[in-house]
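Containing PDB, C-alpha atoms: model_18.pdb.
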```
ATOM      1  CA  MET A 282     -11.497   8.709  -8.702  1.00  0.00           C
ATOM      2  CA  SER A 283     -11.954   4.962  -8.801  1.00  0.00           C
ATOM      3  CA  LYS A 284     -13.710   2.940  -6.132  1.00  0.00           C
ATOM      4  CA  ILE A 285     -11.370   2.151  -3.255  1.00  0.00           C
ATOM      5  CA  ASN A 286     -11.485  -1.199  -1.504  1.00  0.00           C
ATOM      6  CA  ILE A 287     -10.346   0.004   1.934  1.00  0.00           C
ATOM      7  CA  LYS A 288     -13.007  -0.052   4.669  1.00  0.00           C
ATOM      8  CA  PRO A 289     -12.009   1.839   7.835  1.00  0.00           C
ATOM      9  CA  LEU A 290     -12.838   0.228  11.177  1.00  0.00           C
ATOM     10  CA  ALA A 291     -14.707   1.772  14.136  1.00  0.00           C
ATOM     11  CA  ASP A 292     -14.718   5.593  14.060  1.00  0.00           C
ATOM     12  CA  ARG A 293     -11.923   6.008  11.516  1.00  0.00           C
ATOM     13  CA  VAL A 294     -12.180   7.862   8.207  1.00  0.00           C
ATOM     14  CA  LEU A 295     -10.102   7.694   5.034  1.00  0.00           C
ATOM     15  CA  ILE A 296      -9.196  11.122   3.617  1.00  0.00           C
ATOM     16  CA  LEU A 297      -7.869  12.101   0.190  1.00  0.00           C
ATOM     17  CA  PRO A 298      -5.816  15.247   0.914  1.00  0.00           C
ATOM     18  CA  LEU A 299      -6.270  18.190  -1.450  1.00  0.00           C
ATOM     19  CA  ASP A 300      -3.171  19.368  -3.294  1.00  0.00           C
ATOM     20  CA  ALA A 301      -1.007  21.952  -1.545  1.00  0.00           C
ATOM     21  CA  GLU A 302      -1.088  25.486  -2.902  1.00  0.00           C
ATOM     22  CA  THR A 303       1.495  26.059  -5.646  1.00  0.00           C
ATOM     23  CA  LYS A 304       1.118  29.834  -5.927  1.00  0.00           C
ATOM     24  CA  THR A 305       0.619  32.586  -3.376  1.00  0.00           C
ATOM     25  CA  ALA A 306      -2.110  35.225  -3.621  1.00  0.00           C
ATOM     26  CA  SER A 307       0.456  37.681  -4.980  1.00  0.00           C
ATOM     27  CA  GLY A 308       1.484  35.279  -7.773  1.00  0.00           C
ATOM     28  CA  ILE A 309       4.735  33.859  -6.381  1.00  0.00           C
ATOM     29  CA  TYR A 310       5.231  30.162  -7.137  1.00  0.00           C
ATOM     30  CA  ILE A 311       6.072  27.974  -4.133  1.00  0.00           C
ATOM     31  CA  PRO A 312       8.729  25.260  -4.638  1.00  0.00           C
ATOM     32  CA  ASP A 313       7.917  21.711  -3.492  1.00  0.00           C
ATOM     33  CA  SER A 314      10.424  21.960  -0.638  1.00  0.00           C
ATOM     34  CA  ALA A 315       8.613  24.966   0.857  1.00  0.00           C
ATOM     35  CA  LYS A 316       5.011  23.761   0.521  1.00  0.00           C
ATOM     36  CA  GLU A 317       3.060  23.205   3.700  1.00  0.00           C
ATOM     37  CA  LYS A 318       1.156  20.004   4.331  1.00  0.00           C
ATOM     38  CA  PRO A 319      -2.448  20.359   3.207  1.00  0.00           C
ATOM     39  CA  GLN A 320      -5.056  20.564   5.950  1.00  0.00           C
ATOM     40  CA  LYS A 321      -8.101  20.027   3.742  1.00  0.00           C
ATOM     41  CA  GLY A 322      -9.328  16.859   2.139  1.00  0.00           C
ATOM     42  CA  THR A 323     -12.249  14.799   0.905  1.00  0.00           C
ATOM     43  CA  VAL A 324     -13.694  11.885   2.871  1.00  0.00           C
ATOM     44  CA  VAL A 325     -13.318   8.751   0.729  1.00  0.00           C
ATOM     45  CA  ALA A 326     -14.543   6.078   3.170  1.00  0.00           C
ATOM     46  CA  VAL A 327     -15.932   5.974   6.712  1.00  0.00           C
ATOM     47  CA  GLY A 328     -16.076   3.262   9.341  1.00  0.00           C
ATOM     48  CA  PRO A 329     -19.311   2.124  10.999  1.00  0.00           C
ATOM     49  CA  GLY A 330     -18.594   4.034  14.217  1.00  0.00           C
ATOM     50  CA  THR A 331     -18.942   2.747  17.762  1.00  0.00           C
ATOM     51  CA  ALA A 332     -21.724   2.915  20.326  1.00  0.00           C
ATOM     52  CA  GLU A 333     -19.890   5.760  22.102  1.00  0.00           C
ATOM     53  CA  ASN A 334     -18.697   7.500  18.912  1.00  0.00           C
ATOM     54  CA  PRO A 335     -21.120   7.364  15.984  1.00  0.00           C
ATOM     55  CA  VAL A 336     -19.621   8.708  12.744  1.00  0.00           C
ATOM     56  CA  THR A 337     -21.136  12.035  11.632  1.00  0.00           C
ATOM     57  CA  VAL A 338     -19.201  12.633   8.378  1.00  0.00           C
ATOM     58  CA  LYS A 339     -20.076  10.882   5.149  1.00  0.00           C
ATOM     59  CA  THR A 340     -18.282  10.016   1.940  1.00  0.00           C
ATOM     60  CA  GLY A 341     -17.744  13.083  -0.217  1.00  0.00           C
ATOM     61  CA  ASP A 342     -17.603  15.618   2.640  1.00  0.00           C
ATOM     62  CA  LYS A 343     -14.803  18.207   2.454  1.00  0.00           C
ATOM     63  CA  VAL A 344     -13.105  18.431   5.849  1.00  0.00           C
ATOM     64  CA  LEU A 345     -10.401  20.312   7.751  1.00  0.00           C
ATOM     65  CA  TYR A 346      -7.950  18.367   9.909  1.00  0.00           C
ATOM     66  CA  GLY A 347      -4.843  19.063  11.980  1.00  0.00           C
ATOM     67  CA  LYS A 348      -1.540  19.491  10.158  1.00  0.00           C
ATOM     68  CA  TYR A 349       0.026  16.368  11.661  1.00  0.00           C
ATOM     69  CA  SER A 350      -3.130  14.264  12.087  1.00  0.00           C
ATOM     70  CA  GLY A 351      -3.609  10.767  10.775  1.00  0.00           C
ATOM     71  CA  THR A 352      -1.510   8.006   9.319  1.00  0.00           C
ATOM     72  CA  GLU A 353      -0.292   8.354   5.750  1.00  0.00           C
ATOM     73  CA  LEU A 354      -0.789   5.404   3.419  1.00  0.00           C
ATOM     74  CA  ASN A 355      -0.381   4.805  -0.292  1.00  0.00           C
ATOM     75  CA  HIS A 356      -2.888   2.649  -2.161  1.00  0.00           C
ATOM     76  CA  GLY A 357      -2.853   2.253  -5.923  1.00  0.00           C
ATOM     77  CA  GLY A 358      -0.384   5.110  -6.365  1.00  0.00           C
ATOM     78  CA  THR A 359      -2.564   7.589  -4.435  1.00  0.00           C
ATOM     79  CA  ASP A 360      -1.693   9.000  -1.022  1.00  0.00           C
ATOM     80  CA  TYR A 361      -4.406   8.906   1.645  1.00  0.00           C
ATOM     81  CA  LEU A 362      -4.705   9.728   5.343  1.00  0.00           C
ATOM     82  CA  MET A 363      -6.429   7.426   7.845  1.00  0.00           C
ATOM     83  CA  MET A 364      -7.546   9.134  11.056  1.00  0.00           C
ATOM     84  CA  LYS A 365     -10.117   9.007  13.814  1.00  0.00           C
ATOM     85  CA  GLU A 366     -13.131  11.203  13.298  1.00  0.00           C
ATOM     86  CA  SER A 367     -12.199  13.090  16.475  1.00  0.00           C
ATOM     87  CA  ASP A 368      -9.064  14.363  14.636  1.00  0.00           C
ATOM     88  CA  LEU A 369     -11.280  16.211  12.154  1.00  0.00           C
ATOM     89  CA  LEU A 370     -11.771  19.893  12.925  1.00  0.00           C
ATOM     90  CA  ALA A 371     -14.671  20.875  10.665  1.00  0.00           C
ATOM     91  CA  ILE A 372     -16.755  20.051   7.619  1.00  0.00           C
ATOM     92  CA  ILE A 373     -16.353  22.711   4.926  1.00  0.00           C
TER      93      ILE A 373
END
```
Here is a file; write its structure as structure tokens.
Amino acid sequence: MSKINIKPLADRVLILPLDAETKTASGIYIPDSAKEKPQKGTVVAVGPGTAENPVTVKTGDKVLYGKYSGTELNHGGTDYLMMKESDLLAII
């Protein structure tokens, strides 16, 4: 992964979503049209936080987030999610 030149503002974080599962536990392959949105990702960049909301995650953390959280953006051919830290559910 190359260095990204996007710096989130305030308490926002930039997430690189992990790929959706392509095969079930029983070995059945899932077509692209039936895949669910991933809910796990890696923190790529974090904002400085605010006085009321200091940022607790750091670059490289694996996190869980809500299925429809964040704003999708494409930068350099890679899809990312930008969301507030409060939209994160847990650090894995």
Inset, instruction - Apply the PyMOL selection byres ((chain A and resi 345) around 8) to the file shown and report the selected residues as a PyMOL selection string. - result: chain A and resi 320-322+343-344+346-347+369-373
Legend entry - From A:Ile311, A:Leu362, A:Leu354, A:Leu290, residue lying nearest Val327 of chain A [only C-alpha atoms]: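 With only C-alpha atoms as the atom set, the closest residue is A:Leu290.
Distance-wise, atom CA of Tyr349 of chain A and atom CA of Ala301 of chain A end up 14.4 Å apart.
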Legend entry - Shortest interatomic distance to Lys316 of chain A - which of A:Asp360, A:Gly328, A:Ser367, A:Thr303, counting only C-alpha atoms: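 When distances to Lys316 of chain A are compared using only C-alpha atoms, the smallest one comes from A:Thr303.
Closest approach to Ala291 of chain A among A:Thr331, A:Thr337, A:Met364, A:Lys318 is made by A:Thr331 (distances from all atoms listed in the file).
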Inset, instruction - With the file shown as input, list the residues that the PyMOL selection byres ((chain A and resi 329) around 12) selects, as a list in words. - result: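 Evaluating the PyMOL selection byres ((chain A and resi 329) around 12) on this file yields Lys288, Pro289, Leu290, Ala291, Asp292, Arg293, Val294, Ala326, Val327, Gly328, Gly330, Thr331, Ala332, Glu333, Asn334, Pro335, Val336, Thr337, Val338, Lys339, Lys365 and Glu366 of chain A.
Residue nearest Ile285 of chain A within the list A:Glu353, A:Val324, A:Pro298, A:Asp342: A:Val324 [criterion: smallest interatomic distance, all atoms listed in the file].
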